[in-house]
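J.: As input, take work.txt (compact mmCIF, C-alpha atoms):
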# COMPACT_ATOMS: atom_id res chain seq x y z
CA MET A 256 0.28 -16.91 20.53
CA SER A 257 1.54 -17.11 16.96
CA GLN A 258 3.58 -14.39 15.31
CA GLN A 259 0.73 -13.67 12.88
CA GLN A 260 -1.60 -13.02 15.82
CA ASP A 261 0.90 -10.47 17.12
CA VAL A 262 0.58 -8.41 13.92
CA VAL A 263 -1.79 -5.44 14.15
CA ILE A 264 -3.12 -3.80 10.98
CA ARG A 265 -4.76 -0.42 11.54
CA PRO A 266 -5.56 2.81 9.72
CA LEU A 267 -2.78 5.34 9.38
CA THR A 268 -3.16 8.30 11.77
CA PRO A 269 -1.49 11.73 11.98
CA ALA A 270 0.55 10.44 14.95
CA ASP A 271 2.25 7.87 12.67
CA ARG A 272 4.29 10.37 10.68
CA GLU A 273 7.78 9.40 11.85
CA GLY A 274 7.34 5.64 11.49
CA TRP A 275 5.52 5.97 8.17
CA GLU A 276 8.25 8.20 6.73
CA ILE A 277 10.97 5.72 7.66
CA LEU A 278 9.10 2.90 5.93
CA TRP A 279 8.16 4.98 2.89
CA ARG A 280 11.79 6.08 2.45
CA ASP A 281 12.86 2.43 2.56
CA TYR A 282 10.19 1.61 -0.02
CA LEU A 283 11.35 4.42 -2.30
CA ASP A 284 14.96 3.28 -1.88
CA PHE A 285 13.94 -0.22 -2.95
CA TYR A 286 12.55 1.25 -6.17
CA GLN A 287 15.55 3.59 -6.51
CA SER A 288 13.30 6.64 -6.29
CA ASP A 289 13.82 9.97 -4.60
CA LEU A 290 11.08 12.51 -3.87
CA ASP A 291 11.11 16.12 -2.76
CA PRO A 292 10.57 16.37 1.02
CA ALA A 293 7.44 18.45 0.33
CA GLN A 294 5.94 15.36 -1.31
CA PHE A 295 6.23 13.48 1.98
CA ASP A 296 4.17 16.17 3.73
CA TYR A 297 1.65 16.34 0.90
CA THR A 298 1.14 12.58 0.69
CA PHE A 299 1.11 11.85 4.41
CA GLU A 300 -1.40 14.60 5.12
CA ARG A 301 -3.86 13.09 2.68
CA LEU A 302 -3.30 9.46 3.61
CA SER A 303 -3.70 10.05 7.34
CA GLN A 304 -6.87 12.15 7.33
CA PRO A 305 -10.01 10.01 7.70
CA ASP A 306 -12.17 12.72 6.12
CA TYR A 307 -10.04 12.86 2.94
CA ALA A 308 -11.90 10.38 0.73
CA ASP A 309 -9.41 10.21 -2.16
CA MET A 310 -6.56 8.53 -0.27
CA PHE A 311 -6.09 6.26 2.72
CA GLY A 312 -3.40 4.16 4.33
CA TYR A 313 -2.86 1.34 6.78
CA VAL A 314 0.15 0.39 8.85
CA ALA A 315 1.28 -2.89 10.31
CA GLU A 316 2.71 -3.15 13.81
CA TYR A 317 4.65 -6.08 15.17
CA GLU A 318 6.05 -6.27 18.69
CA GLY A 319 5.17 -2.60 19.20
CA LYS A 320 7.04 -1.39 16.11
CA MET A 321 5.63 -0.09 12.83
CA VAL A 322 6.92 -2.55 10.22
CA GLY A 323 4.66 -2.16 7.18
CA LEU A 324 2.54 0.26 5.21
CA VAL A 325 0.07 0.40 2.39
CA ASN A 326 -0.89 3.66 0.65
CA CYS A 327 -4.03 3.71 -1.50
CA ILE A 328 -5.94 6.01 -3.83
CA ASN A 329 -9.69 5.90 -4.49
CA HIS A 330 -10.69 7.05 -7.96
CA GLU A 331 -13.42 7.01 -10.56
CA HIS A 332 -13.26 4.48 -13.36
CA GLY A 333 -14.77 4.56 -16.83
CA TRP A 334 -15.81 0.90 -16.72
CA HIS A 335 -17.42 0.84 -13.26
CA MET A 336 -20.20 2.83 -11.62
CA GLN A 337 -18.33 2.65 -8.31
CA GLN A 338 -14.86 3.93 -7.59
CA VAL A 339 -11.87 1.59 -7.63
CA VAL A 340 -8.91 1.41 -5.25
CA TYR A 341 -5.38 1.75 -6.54
CA LEU A 342 -3.00 0.14 -4.05
CA GLN A 343 -0.08 2.40 -4.88
CA ASP A 344 2.55 1.48 -2.29
CA LEU A 345 3.06 -1.66 -0.21
CA TYR A 346 6.13 -2.19 1.93
CA VAL A 347 7.19 -4.46 4.78
CA ASP A 348 10.46 -3.92 6.62
CA ASP A 349 13.08 -6.64 6.11
CA SER A 350 12.99 -7.42 9.84
CA ALA A 351 9.34 -8.47 9.60
CA ARG A 352 9.31 -10.44 6.37
CA LYS A 353 7.84 -13.95 6.33
CA LEU A 354 5.19 -13.07 8.93
CA GLY A 355 2.34 -12.68 6.44
CA ILE A 356 2.24 -8.90 6.91
CA GLY A 357 2.08 -8.05 3.20
CA GLN A 358 -0.91 -10.35 2.82
CA LYS A 359 -2.60 -8.88 5.89
CA LEU A 360 -2.13 -5.35 4.52
CA ILE A 361 -3.64 -6.30 1.16
CA GLU A 362 -6.51 -8.08 2.90
CA ALA A 363 -7.18 -4.89 4.89
CA VAL A 364 -7.44 -2.99 1.60
CA TYR A 365 -9.77 -5.68 0.22
CA ALA A 366 -11.95 -5.34 3.35
CA TYR A 367 -11.98 -1.55 2.97
CA ALA A 368 -13.06 -1.91 -0.68
CA ASP A 369 -15.84 -4.34 0.24
CA GLN A 370 -17.10 -2.17 3.12
CA ASN A 371 -17.03 1.01 1.01
CA ASP A 372 -18.64 -0.30 -2.18
CA LYS A 373 -15.52 -0.08 -4.34
CA ALA A 374 -15.62 -2.04 -7.61
CA ASN A 375 -12.08 -3.36 -7.54
CA VAL A 376 -8.59 -3.18 -6.04
CA TYR A 377 -5.55 -3.16 -8.32
CA TRP A 378 -1.82 -2.54 -8.12
CA THR A 379 1.38 -2.73 -10.15
CA THR A 380 4.84 -4.03 -9.41
CA LYS A 381 8.09 -4.49 -11.26
CA THR A 382 8.28 -7.68 -13.27
CA THR A 383 11.55 -8.41 -11.45
CA ASN A 384 10.01 -8.17 -7.96
CA HIS A 385 9.81 -11.97 -7.69
CA THR A 386 9.39 -12.09 -3.91
CA ALA A 387 6.33 -9.83 -3.94
CA ARG A 388 4.93 -11.54 -7.01
CA LYS A 389 4.78 -14.87 -5.16
CA LEU A 390 2.34 -13.23 -2.74
CA TYR A 391 0.45 -11.35 -5.46
CA ASP A 392 -0.01 -14.52 -7.50
CA ARG A 393 -1.66 -16.17 -4.47
CA ILE A 394 -4.07 -13.39 -3.50
CA GLY A 395 -4.59 -11.42 -6.70
CA LYS A 396 -5.18 -12.00 -10.38
CA LEU A 397 -2.37 -11.28 -12.83
CA THR A 398 -3.66 -9.29 -15.79
CA GLU A 399 -2.29 -9.16 -19.30
CA PHE A 400 -1.83 -5.38 -19.20
CA ILE A 401 1.52 -3.61 -19.24
CA LYS A 402 1.85 -0.13 -17.78
CA TYR A 403 3.19 2.75 -19.86
CA SER A 404 3.92 6.29 -18.70
CA ARG A 405 5.27 9.53 -20.00
Translate the structure described by the file into structure tokens.
T.:
Amino acid sequence: MSQQQDVVIRPLTPADREGWEILWRDYLDFYQSDLDPAQFDYTFERLSQPDYADMFGYVAEYEGKMVGLVNCINHEHGWHMQQVVYLQDLYVDDSARKLGIGQKLIEAVYAYADQNDKANVYWTTKTTNHTARKLYDRIGKLTEFIKYSR
């Protein structure tokens, strides 16, 4: 059996809190971000509840260990009749890189969007995140837009 076949992608559940938090902290560290602990509770509660339609998440397991996550937001869009999916966070633990897990997580989000009549899936990344951009250039379409914020 290949390593890719050993990877399991599944919806995030309330029982995943500990493993998800470890991965999300690592993700935030990568982006040199720090959030109030209350934000972890707030975000996880919404991502892990199947009846909360505005957010959802998936996790990746390899050899019985949670090694990846993707956190997504469904929202309305002024240019589409259907909602779109914002893939807000994607992270794979260093120990599980090069197994195709990032691609499998994105493909799970694509499948969700297709099955739930979403118009599009989009995400952002730092221009300097060259490793991730190699994957994104293969399975997504680079746009000409630059993100601004206040």
J.: Counting all atoms listed in the file, what is within 8 Å of Asn375 (chain A), bar same-chain residues fewer than 4 positions away, as number ranges by chain?
T.: A: 338-340, 368
J.: Which polymer residues, whether protein, DNA or RNA, lie within 12 Å of the coordinate (-1.5, -16.8, 1.4) when you count all atoms listed in the file? List them as a PDB file with C-alpha atoms, in the coordinates of the input, using the chain letters and numbers from the file.
T.:
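Output file point.pdb is given in full below:
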ATOM      1  CA  LYS A 353       7.840 -13.950   6.330  1.00  0.00           C
ATOM      2  CA  LEU A 354       5.190 -13.070   8.930  1.00  0.00           C
ATOM      3  CA  GLY A 355       2.340 -12.680   6.440  1.00  0.00           C
ATOM      4  CA  ILE A 356       2.240  -8.900   6.910  1.00  0.00           C
ATOM      5  CA  GLY A 357       2.080  -8.050   3.200  1.00  0.00           C
ATOM      6  CA  GLN A 358      -0.910 -10.350   2.820  1.00  0.00           C
ATOM      7  CA  LYS A 359      -2.600  -8.880   5.890  1.00  0.00           C
ATOM      8  CA  LEU A 360      -2.130  -5.350   4.520  1.00  0.00           C
ATOM      9  CA  ILE A 361      -3.640  -6.300   1.160  1.00  0.00           C
ATOM     10  CA  GLU A 362      -6.510  -8.080   2.900  1.00  0.00           C
ATOM     11  CA  ALA A 387       6.330  -9.830  -3.940  1.00  0.00           C
ATOM     12  CA  ARG A 388       4.930 -11.540  -7.010  1.00  0.00           C
ATOM     13  CA  LYS A 389       4.780 -14.870  -5.160  1.00  0.00           C
ATOM     14  CA  LEU A 390       2.340 -13.230  -2.740  1.00  0.00           C
ATOM     15  CA  TYR A 391       0.450 -11.350  -5.460  1.00  0.00           C
ATOM     16  CA  ASP A 392      -0.010 -14.520  -7.500  1.00  0.00           C
ATOM     17  CA  ARG A 393      -1.660 -16.170  -4.470  1.00  0.00           C
ATOM     18  CA  ILE A 394      -4.070 -13.390  -3.500  1.00  0.00           C
ATOM     19  CA  GLY A 395      -4.590 -11.420  -6.700  1.00  0.00           C
TER      20      GLY A 395
END
J.: For Pro266 (chain A), which of A:Asp372, A:Glu399, A:Glu316, A:Asp291 is the closest residue, counting only C-alpha atoms?
T.: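 Residue with the minimum atom-to-atom distance to Pro266 (chain A): A:Glu316.
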J.: Restricting the calculation to all atoms listed in the file, which member of A:Tyr317, A:Phe285, A:Phe400, A:Tyr377 is positioned closest to Tyr365 (chain A)?
T.: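 Checking each candidate against Tyr365 (chain A), we get A:Tyr377 as the closest.
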J.: Would you list the contacts of region 342-350 of chain A as a CSV table (one decimal) with C-alpha atoms, keeping the file's coordinate frame, taking every protein, DNA or RNA residue within 8 Å and counting all atoms listed in the file, but skipping same-chain residues closer than 4 positions in sequence?
T.:
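Output (around-v5.csv):
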chain,number,residue,atom,x,y,z
A,278,LEU,CA,9.1,2.9,5.9
A,279,TRP,CA,8.2,5.0,2.9
A,281,ASP,CA,12.9,2.4,2.6
A,282,TYR,CA,10.2,1.6,0.0
A,322,VAL,CA,6.9,-2.6,10.2
A,323,GLY,CA,4.7,-2.2,7.2
A,324,LEU,CA,2.5,0.3,5.2
A,325,VAL,CA,0.1,0.4,2.4
A,326,ASN,CA,-0.9,3.7,0.6
A,327,CYS,CA,-4.0,3.7,-1.5
A,328,ILE,CA,-5.9,6.0,-3.8
A,356,ILE,CA,2.2,-8.9,6.9
A,357,GLY,CA,2.1,-8.0,3.2
A,360,LEU,CA,-2.1,-5.4,4.5
A,364,VAL,CA,-7.4,-3.0,1.6
A,376,VAL,CA,-8.6,-3.2,-6.0
A,377,TYR,CA,-5.6,-3.2,-8.3
A,378,TRP,CA,-1.8,-2.5,-8.1
A,379,THR,CA,1.4,-2.7,-10.2
J.: With all atoms listed in the file as the basis for distance, which of A:Thr386, A:Ser404, A:Val262, A:Gln304 is at the shortest distance from Lys320 (chain A)?
T.: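 For Lys320 (chain A), the nearest of the given residues is A:Val262.
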J.: What is the distance between CA of Thr383 (chain A) and CA of Leu290 (chain A), in Å to one decimal?
T.: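 These two atoms are separated by 22.3 Å.
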J.: Suppose you want the space between CA of Tyr341 (chain A) and CA of Gly319 (chain A); what is it in Å?
T.: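 Rounded to one decimal, the two atoms are 28.2 Å apart.
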J.: Please measure the separation of CA of Arg301 (chain A) and CA of Val314 (chain A), giving the value in Å to one decimal.
T.: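 Those two atoms sit 14.7 Å apart.
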J.: Determine the nearest neighbour of Ala308 (chain A) from the options A:Glu331, A:Asp289, A:Asp369, A:Glu276, counting all atoms listed in the file.
T.: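 With all atoms listed in the file as the atom set, the closest residue is A:Glu331.
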J.: Since the input is missing atoms for region 373-390 of chain A, could you rebuild it with N, CA, C and O atoms and give the result as a PDB file, in the coordinates of the input?
T.:
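What ended up in part-v5.pdb:
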ATOM      1  N   LYS A 373     -16.470  -0.321  -3.255  1.00  0.00           N
ATOM      2  CA  LYS A 373     -15.520  -0.080  -4.340  1.00  0.00           C
ATOM      3  C   LYS A 373     -15.587  -1.258  -5.309  1.00  0.00           C
ATOM      4  O   LYS A 373     -15.750  -2.413  -4.901  1.00  0.00           O
ATOM      5  N   ALA A 374     -15.459  -0.997  -6.589  1.00  0.00           N
ATOM      6  CA  ALA A 374     -15.620  -2.040  -7.610  1.00  0.00           C
ATOM      7  C   ALA A 374     -14.453  -3.009  -7.663  1.00  0.00           C
ATOM      8  O   ALA A 374     -14.635  -4.181  -7.998  1.00  0.00           O
ATOM      9  N   ASN A 375     -13.263  -2.535  -7.328  1.00  0.00           N
ATOM     10  CA  ASN A 375     -12.080  -3.360  -7.540  1.00  0.00           C
ATOM     11  C   ASN A 375     -10.898  -2.781  -6.772  1.00  0.00           C
ATOM     12  O   ASN A 375     -10.902  -1.605  -6.396  1.00  0.00           O
ATOM     13  N   VAL A 376      -9.889  -3.597  -6.573  1.00  0.00           N
ATOM     14  CA  VAL A 376      -8.590  -3.180  -6.040  1.00  0.00           C
ATOM     15  C   VAL A 376      -7.553  -3.645  -7.045  1.00  0.00           C
ATOM     16  O   VAL A 376      -7.612  -4.779  -7.524  1.00  0.00           O
ATOM     17  N   TYR A 377      -6.616  -2.764  -7.396  1.00  0.00           N
ATOM     18  CA  TYR A 377      -5.550  -3.160  -8.320  1.00  0.00           C
ATOM     19  C   TYR A 377      -4.243  -2.520  -7.907  1.00  0.00           C
ATOM     20  O   TYR A 377      -4.210  -1.559  -7.146  1.00  0.00           O
ATOM     21  N   TRP A 378      -3.146  -3.076  -8.409  1.00  0.00           N
ATOM     22  CA  TRP A 378      -1.820  -2.540  -8.120  1.00  0.00           C
ATOM     23  C   TRP A 378      -0.858  -2.968  -9.219  1.00  0.00           C
ATOM     24  O   TRP A 378      -1.184  -3.799 -10.053  1.00  0.00           O
ATOM     25  N   THR A 379       0.322  -2.370  -9.213  1.00  0.00           N
ATOM     26  CA  THR A 379       1.380  -2.730 -10.150  1.00  0.00           C
ATOM     27  C   THR A 379       2.633  -3.078  -9.359  1.00  0.00           C
ATOM     28  O   THR A 379       2.759  -2.704  -8.185  1.00  0.00           O
ATOM     29  N   THR A 380       3.527  -3.776  -9.993  1.00  0.00           N
ATOM     30  CA  THR A 380       4.840  -4.030  -9.410  1.00  0.00           C
ATOM     31  C   THR A 380       5.818  -4.259 -10.554  1.00  0.00           C
ATOM     32  O   THR A 380       5.407  -4.484 -11.702  1.00  0.00           O
ATOM     33  N   LYS A 381       7.082  -4.205 -10.247  1.00  0.00           N
ATOM     34  CA  LYS A 381       8.090  -4.490 -11.260  1.00  0.00           C
ATOM     35  C   LYS A 381       8.049  -5.982 -11.605  1.00  0.00           C
ATOM     36  O   LYS A 381       7.855  -6.823 -10.731  1.00  0.00           O
ATOM     37  N   THR A 382       8.264  -6.275 -12.861  1.00  0.00           N
ATOM     38  CA  THR A 382       8.280  -7.680 -13.270  1.00  0.00           C
ATOM     39  C   THR A 382       9.383  -8.450 -12.559  1.00  0.00           C
ATOM     40  O   THR A 382       9.268  -9.657 -12.369  1.00  0.00           O
ATOM     41  N   THR A 383      10.422  -7.761 -12.129  1.00  0.00           N
ATOM     42  CA  THR A 383      11.550  -8.410 -11.450  1.00  0.00           C
ATOM     43  C   THR A 383      11.373  -8.548  -9.941  1.00  0.00           C
ATOM     44  O   THR A 383      12.241  -9.095  -9.272  1.00  0.00           O
ATOM     45  N   ASN A 384      10.264  -8.084  -9.409  1.00  0.00           N
ATOM     46  CA  ASN A 384      10.010  -8.170  -7.960  1.00  0.00           C
ATOM     47  C   ASN A 384       9.431  -9.568  -7.653  1.00  0.00           C
ATOM     48  O   ASN A 384       8.270  -9.712  -7.291  1.00  0.00           O
ATOM     49  N   HIS A 385      10.251 -10.578  -7.779  1.00  0.00           N
ATOM     50  CA  HIS A 385       9.810 -11.970  -7.690  1.00  0.00           C
ATOM     51  C   HIS A 385       9.272 -12.327  -6.306  1.00  0.00           C
ATOM     52  O   HIS A 385       8.298 -13.082  -6.209  1.00  0.00           O
ATOM     53  N   THR A 386       9.859 -11.790  -5.261  1.00  0.00           N
ATOM     54  CA  THR A 386       9.390 -12.090  -3.910  1.00  0.00           C
ATOM     55  C   THR A 386       7.950 -11.615  -3.725  1.00  0.00           C
ATOM     56  O   THR A 386       7.088 -12.373  -3.285  1.00  0.00           O
ATOM     57  N   ALA A 387       7.688 -10.368  -4.078  1.00  0.00           N
ATOM     58  CA  ALA A 387       6.330  -9.830  -3.940  1.00  0.00           C
ATOM     59  C   ALA A 387       5.365 -10.556  -4.873  1.00  0.00           C
ATOM     60  O   ALA A 387       4.224 -10.822  -4.504  1.00  0.00           O
ATOM     61  N   ARG A 388       5.815 -10.894  -6.045  1.00  0.00           N
ATOM     62  CA  ARG A 388       4.930 -11.540  -7.010  1.00  0.00           C
ATOM     63  C   ARG A 388       4.453 -12.914  -6.552  1.00  0.00           C
ATOM     64  O   ARG A 388       3.367 -13.348  -6.919  1.00  0.00           O
ATOM     65  N   LYS A 389       5.233 -13.588  -5.726  1.00  0.00           N
ATOM     66  CA  LYS A 389       4.780 -14.870  -5.160  1.00  0.00           C
ATOM     67  C   LYS A 389       3.513 -14.643  -4.327  1.00  0.00           C
ATOM     68  O   LYS A 389       2.565 -15.417  -4.406  1.00  0.00           O
ATOM     69  N   LEU A 390       3.522 -13.574  -3.535  1.00  0.00           N
ATOM     70  CA  LEU A 390       2.340 -13.230  -2.740  1.00  0.00           C
ATOM     71  C   LEU A 390       1.202 -12.793  -3.668  1.00  0.00           C
ATOM     72  O   LEU A 390       0.074 -13.273  -3.546  1.00  0.00           O
TER      73      LEU A 390
END
